[in-house]
Amino acid sequence: FACIPLPGFPILGIEWQKMENPDLRKAMGMKSDQKGVRIRRIEPTAPESGCMQPSDIILSFDGIDIANDGTVPFRHGERIGFSYLVSQKYTGEKARVKVLRNSKIHEFNIKLSIHKKLIPAHIKGRPPSYYIVAGFVFMVVSVPYLRSEYGKDYEFDAPVKLLDKHLHAMAQSPDEQLVVVSQVLVADINIGYEELVNTQVRAFNGKPVNNLKQLATMVEDCKEEFLKFDMDYDQVVVLETKTARAATQDILTTHCIPSAMSDDLKA
């Protein structure tokens, strides 16, 4: 029940759970005449994270009561998921949301926005960002990237860890990106690392990797003897800093790549 955002339309930055089970409702402190859905998770970058909490019960949106299955009245006695109400709003508009927390009712005026997805649905026509050192090509995961790597069935064929992030992970900050080693341009310096394809980079020399620009800056400014990348699945890549830098230029020349980084990272 995650909300799927459309460009230009706001979403409520939450994931929710149905409340059709009477024992669950009772345990959550709902009275017999109260209906609503339970908040499971809230996007950390969403305005809602400032006032709503996990396990709050959303009772109504803009004065319209939400049923225990997450639906609201629609035309001619039909019902529709309450995210329909959110999609009728514009980004920047406010909505009144009533929640039940510890058996008390709270009302919030929430400014609706488009939220930062950890794996963005599009890159708005820009060329992809990349950074290369010692033949390791670091890139940012987006839906177009997954599609280009795994085809239209990327939701079945991409690595499970990336799909899990695509479906469930939430960005912790507005500038957070999922950085991977996209491929390894084979050279003497990276022998033994050839199979590291589309594996997430977790940390560099002990510092967590938040986005590609930060990683590129850390590597470029590194004064230590080794470049050490902590990867997903507890794998490590270690390269000698001096020889890695020297090898980079040769590898770029061999593969006719004009620059070690995309223009957007140079800014």
# chains A, B, ... in the order shown; residues from 1 in each chain; ligands from 1
$ residues_around --residues "Leu59 in chain A" --least-positions-apart "5" --cutoff "10 Å" --atoms "only C-alpha atoms" --output "list in words"
Gln34, Lys35, Gly36, Val37, Arg38, Ile64, Asp65, Ile66, Ala67, Asn68, Gly70, Val97, Lys98, Val99, Leu100, Ile105, His106 and Glu107 of chain A
$ write_last_selection --atoms "C-alpha atoms" --output "short mmCIF file (atom, residue, chain, number, x, y, z; two decimals), in the first residue's frame"
data_model
loop_
_atom_site.label_atom_id
_atom_site.label_comp_id
_atom_site.auth_asym_id
_atom_site.auth_seq_id
_atom_site.Cartn_x
_atom_site.Cartn_y
_atom_site.Cartn_z
CA GLN A 34 -14.24 4.76 14.71
CA LYS A 35 -12.81 3.68 11.38
CA GLY A 36 -9.50 4.30 9.64
CA VAL A 37 -6.12 2.93 8.59
CA ARG A 38 -2.92 2.49 10.59
CA ILE A 64 -13.98 12.66 4.51
CA ASP A 65 -14.04 9.56 6.71
CA ILE A 66 -11.73 6.69 5.72
CA ALA A 67 -13.05 3.13 6.10
CA ASN A 68 -11.07 0.31 7.74
CA GLY A 70 -8.70 2.43 3.26
CA VAL A 97 -5.89 15.10 8.39
CA LYS A 98 -7.51 13.69 11.52
CA VAL A 99 -5.64 10.94 13.37
CA LEU A 100 -6.18 8.83 16.46
CA ILE A 105 -7.93 12.60 18.30
CA HIS A 106 -5.41 15.03 16.76
CA GLU A 107 -5.94 17.20 13.71
#
$ residues_around --residues "His255 in chain A" --least-positions-apart "4" --cutoff "9 Å" --atoms "only C-alpha atoms" --output "list in words"
Leu185, Asp250 and Ile251 of chain A
$ atom_distance --atom1 "CA of Ser259 in chain A" --atom2 "CA of Ala216 in chain A"
12.9 Å
$ residues_around --residues "range 163-175 of chain A" --least-positions-apart "4" --cutoff "7 Å" --atoms "only C-alpha atoms" --output "NGL selection string"
:A and (43-45 or 116-119 or 155 or 158-159 or 211)
$ atom_distance --atom1 "CA of Val141 in chain A" --atom2 "CA of Thr91 in chain A"
25.4 Å
$ residues_around --residues "Lys242 in chain A" --least-positions-apart "6" --cutoff "10 Å" --atoms "only C-alpha atoms" --output "list in words"
Lys223, Glu224, Glu225, Phe226 and Leu227 of chain A
$ residues_around --residues "Leu112 in chain A" --least-positions-apart "4" --cutoff "8 Å" --atoms "only C-alpha atoms" --output "PDB file with C-alpha atoms, in the first residue's frame"
ATOM      1  CA  PRO A  10       1.485  15.212  -4.381  1.00  0.00           C
ATOM      2  CA  ILE A  11       1.393  12.045  -2.338  1.00  0.00           C
ATOM      3  CA  LEU A  12       0.873  11.409   1.316  1.00  0.00           C
ATOM      4  CA  PRO A  47       6.329  17.051   5.713  1.00  0.00           C
ATOM      5  CA  LYS A  89      -4.883  18.123  -4.720  1.00  0.00           C
ATOM      6  CA  TYR A  90      -2.015  20.129  -6.122  1.00  0.00           C
ATOM      7  CA  THR A  91       1.519  20.252  -4.773  1.00  0.00           C
ATOM      8  CA  GLY A  92       1.750  22.945  -2.100  1.00  0.00           C
ATOM      9  CA  GLU A  93      -1.941  22.759  -1.170  1.00  0.00           C
ATOM     10  CA  LYS A  94      -2.916  21.959   2.393  1.00  0.00           C
ATOM     11  CA  ALA A  95      -5.098  19.137   3.668  1.00  0.00           C
TER      12      ALA A  95
END
$ atom_distance --atom1 "CA of Gln249 in chain A" --atom2 "CA of Ser129 in chain A"
18.6 Å
$ select_by_dssp --residues "range 121-193 of chain A" --states "helix (DSSP H, G or I)" --output "ChimeraX atom specification"
/A:143-150,154-157,160-168,188-190
$ closest_residue --among "A:Glu78, A:Asp33, A:Ile58, A:Ile189" --to "Val238 in chain A" --atoms "only C-alpha atoms"
A:Ile189
$ closest_residue --among "A:Val184, A:Ala27, A:Ile80, A:Ile110" --to "Glu48 in chain A" --atoms "only C-alpha atoms"
A:Ile110
$ select_by_dssp --residues "range 101-262 of chain A" --states "strand (DSSP E)" --output "NGL selection string"
:A and (101 or 104-111 or 130-133 or 136-140 or 179-184 or 199-204 or 207-208 or 226-231 or 236-240)
$ write_last_selection --atoms "C-alpha atoms" --output "PDB file, in the first residue's frame"
ATOM      1  CA  ARG A 101      -3.126   8.484  18.713  1.00  0.00           C
ATOM      2  CA  LYS A 104      -6.950  10.796  21.506  1.00  0.00           C
ATOM      3  CA  ILE A 105      -7.927  12.604  18.303  1.00  0.00           C
ATOM      4  CA  HIS A 106      -5.412  15.027  16.760  1.00  0.00           C
ATOM      5  CA  GLU A 107      -5.935  17.201  13.712  1.00  0.00           C
ATOM      6  CA  PHE A 108      -3.098  18.347  11.444  1.00  0.00           C
ATOM      7  CA  ASN A 109      -2.978  20.777   8.557  1.00  0.00           C
ATOM      8  CA  ILE A 110      -0.483  19.197   6.187  1.00  0.00           C
ATOM      9  CA  LYS A 111       1.172  20.855   3.217  1.00  0.00           C
ATOM     10  CA  TYR A 130      28.874   8.722 -13.343  1.00  0.00           C
ATOM     11  CA  TYR A 131      32.288   8.677 -11.644  1.00  0.00           C
ATOM     12  CA  ILE A 132      35.210   6.433 -12.650  1.00  0.00           C
ATOM     13  CA  VAL A 133      38.308   5.497 -10.666  1.00  0.00           C
ATOM     14  CA  PHE A 136      35.256   1.144 -11.379  1.00  0.00           C
ATOM     15  CA  VAL A 137      32.231   2.913 -12.845  1.00  0.00           C
ATOM     16  CA  PHE A 138      30.070   4.340 -10.046  1.00  0.00           C
ATOM     17  CA  MET A 139      26.521   5.342 -10.948  1.00  0.00           C
ATOM     18  CA  VAL A 140      23.214   6.303  -9.319  1.00  0.00           C
ATOM     19  CA  VAL A 179      25.230   4.501  -5.485  1.00  0.00           C
ATOM     20  CA  VAL A 180      26.411   1.284  -7.145  1.00  0.00           C
ATOM     21  CA  VAL A 181      29.427  -0.052  -8.986  1.00  0.00           C
ATOM     22  CA  SER A 182      27.747  -0.291 -12.370  1.00  0.00           C
ATOM     23  CA  GLN A 183      30.587  -2.182 -14.062  1.00  0.00           C
ATOM     24  CA  VAL A 184      34.337  -2.714 -13.884  1.00  0.00           C
ATOM     25  CA  THR A 199      26.386  -3.724  -6.106  1.00  0.00           C
ATOM     26  CA  GLN A 200      25.699  -0.867  -3.705  1.00  0.00           C
ATOM     27  CA  VAL A 201      28.575   1.125  -2.223  1.00  0.00           C
ATOM     28  CA  ARG A 202      27.884   1.510   1.505  1.00  0.00           C
ATOM     29  CA  ALA A 203      30.957   3.388   2.742  1.00  0.00           C
ATOM     30  CA  PHE A 204      34.305   4.801   1.633  1.00  0.00           C
ATOM     31  CA  LYS A 207      32.445   7.079   5.973  1.00  0.00           C
ATOM     32  CA  PRO A 208      28.883   6.268   4.807  1.00  0.00           C
ATOM     33  CA  PHE A 226      44.381   2.988   0.281  1.00  0.00           C
ATOM     34  CA  LEU A 227      40.946   3.584  -1.222  1.00  0.00           C
ATOM     35  CA  LYS A 228      38.607   1.209   0.617  1.00  0.00           C
ATOM     36  CA  PHE A 229      35.026   0.743  -0.534  1.00  0.00           C
ATOM     37  CA  ASP A 230      32.587  -1.193   1.663  1.00  0.00           C
ATOM     38  CA  MET A 231      30.036  -2.852  -0.597  1.00  0.00           C
ATOM     39  CA  VAL A 236      35.245  -4.884   0.204  1.00  0.00           C
ATOM     40  CA  VAL A 237      37.243  -3.287  -2.585  1.00  0.00           C
ATOM     41  CA  VAL A 238      40.718  -2.008  -1.676  1.00  0.00           C
ATOM     42  CA  LEU A 239      42.976  -0.145  -4.111  1.00  0.00           C
ATOM     43  CA  GLU A 240      46.275   1.624  -3.542  1.00  0.00           C
TER      44      GLU A 240
END
$ closest_residue --among "A:Asp153, A:Leu178, A:Val143, A:Ala134" --to "Ala260 in chain A" --atoms "only C-alpha atoms"
A:Ala134
$ residues_around --residues "Pro128 in chain A" --least-positions-apart "3" --cutoff "10 Å" --atoms "only C-alpha atoms" --output "number ranges by chain"
A: 123, 125, 139-142, 144-145, 262-264
$ write_last_selection --atoms "N, CA, C and O atoms" --output "PDB file, in the first residue's frame"
ATOM      1  N   ILE A 123      14.871  10.705 -14.641  1.00  0.00           N
ATOM      2  CA  ILE A 123      15.984  11.633 -14.417  1.00  0.00           C
ATOM      3  C   ILE A 123      15.787  12.891 -15.252  1.00  0.00           C
ATOM      4  O   ILE A 123      16.720  13.618 -15.543  1.00  0.00           O
ATOM      5  N   GLY A 125      15.303  13.698 -18.296  1.00  0.00           N
ATOM      6  CA  GLY A 125      16.008  13.949 -19.558  1.00  0.00           C
ATOM      7  C   GLY A 125      17.483  14.284 -19.426  1.00  0.00           C
ATOM      8  O   GLY A 125      18.152  14.540 -20.424  1.00  0.00           O
ATOM      9  N   MET A 139      27.696   4.658 -10.407  1.00  0.00           N
ATOM     10  CA  MET A 139      26.521   5.342 -10.948  1.00  0.00           C
ATOM     11  C   MET A 139      25.401   5.379  -9.908  1.00  0.00           C
ATOM     12  O   MET A 139      25.467   4.708  -8.875  1.00  0.00           O
ATOM     13  N   VAL A 140      24.370   6.164 -10.212  1.00  0.00           N
ATOM     14  CA  VAL A 140      23.214   6.303  -9.319  1.00  0.00           C
ATOM     15  C   VAL A 140      22.079   5.448  -9.864  1.00  0.00           C
ATOM     16  O   VAL A 140      21.798   5.478 -11.065  1.00  0.00           O
ATOM     17  N   VAL A 141      21.428   4.699  -8.995  1.00  0.00           N
ATOM     18  CA  VAL A 141      20.318   3.842  -9.436  1.00  0.00           C
ATOM     19  C   VAL A 141      19.047   4.673  -9.568  1.00  0.00           C
ATOM     20  O   VAL A 141      18.661   5.413  -8.662  1.00  0.00           O
ATOM     21  N   SER A 142      18.408   4.553 -10.733  1.00  0.00           N
ATOM     22  CA  SER A 142      17.102   5.167 -10.990  1.00  0.00           C
ATOM     23  C   SER A 142      16.291   4.134 -11.768  1.00  0.00           C
ATOM     24  O   SER A 142      16.834   3.124 -12.211  1.00  0.00           O
ATOM     25  N   PRO A 144      15.028   4.494 -14.846  1.00  0.00           N
ATOM     26  CA  PRO A 144      15.596   4.372 -16.200  1.00  0.00           C
ATOM     27  C   PRO A 144      16.892   3.557 -16.225  1.00  0.00           C
ATOM     28  O   PRO A 144      17.155   2.815 -17.166  1.00  0.00           O
ATOM     29  N   TYR A 145      17.695   3.689 -15.170  1.00  0.00           N
ATOM     30  CA  TYR A 145      18.937   2.906 -15.101  1.00  0.00           C
ATOM     31  C   TYR A 145      18.619   1.417 -15.013  1.00  0.00           C
ATOM     32  O   TYR A 145      19.187   0.604 -15.749  1.00  0.00           O
ATOM     33  N   SER A 262      30.952  12.774 -14.772  1.00  0.00           N
ATOM     34  CA  SER A 262      29.968  13.509 -15.565  1.00  0.00           C
ATOM     35  C   SER A 262      29.984  14.981 -15.179  1.00  0.00           C
ATOM     36  O   SER A 262      30.430  15.351 -14.078  1.00  0.00           O
ATOM     37  N   ASP A 263      29.548  15.840 -16.097  1.00  0.00           N
ATOM     38  CA  ASP A 263      29.617  17.295 -15.900  1.00  0.00           C
ATOM     39  C   ASP A 263      28.928  17.758 -14.621  1.00  0.00           C
ATOM     40  O   ASP A 263      29.394  18.682 -13.966  1.00  0.00           O
ATOM     41  N   ASP A 264      27.813  17.113 -14.269  1.00  0.00           N
ATOM     42  CA  ASP A 264      27.057  17.579 -13.092  1.00  0.00           C
ATOM     43  C   ASP A 264      27.859  17.412 -11.792  1.00  0.00           C
ATOM     44  O   ASP A 264      27.600  18.098 -10.806  1.00  0.00           O
TER      45      ASP A 264
END
$ closest_residue --among "A:Ser55, A:Tyr193, A:Cys222, A:Asp62" --to "Gly29 in chain A" --atoms "only C-alpha atoms"
A:Ser55
$ closest_residue --among "A:Phe82, A:Phe74, A:Tyr154, A:Trp16" --to "Asp56 in chain A" --atoms "only C-alpha atoms"
A:Trp16
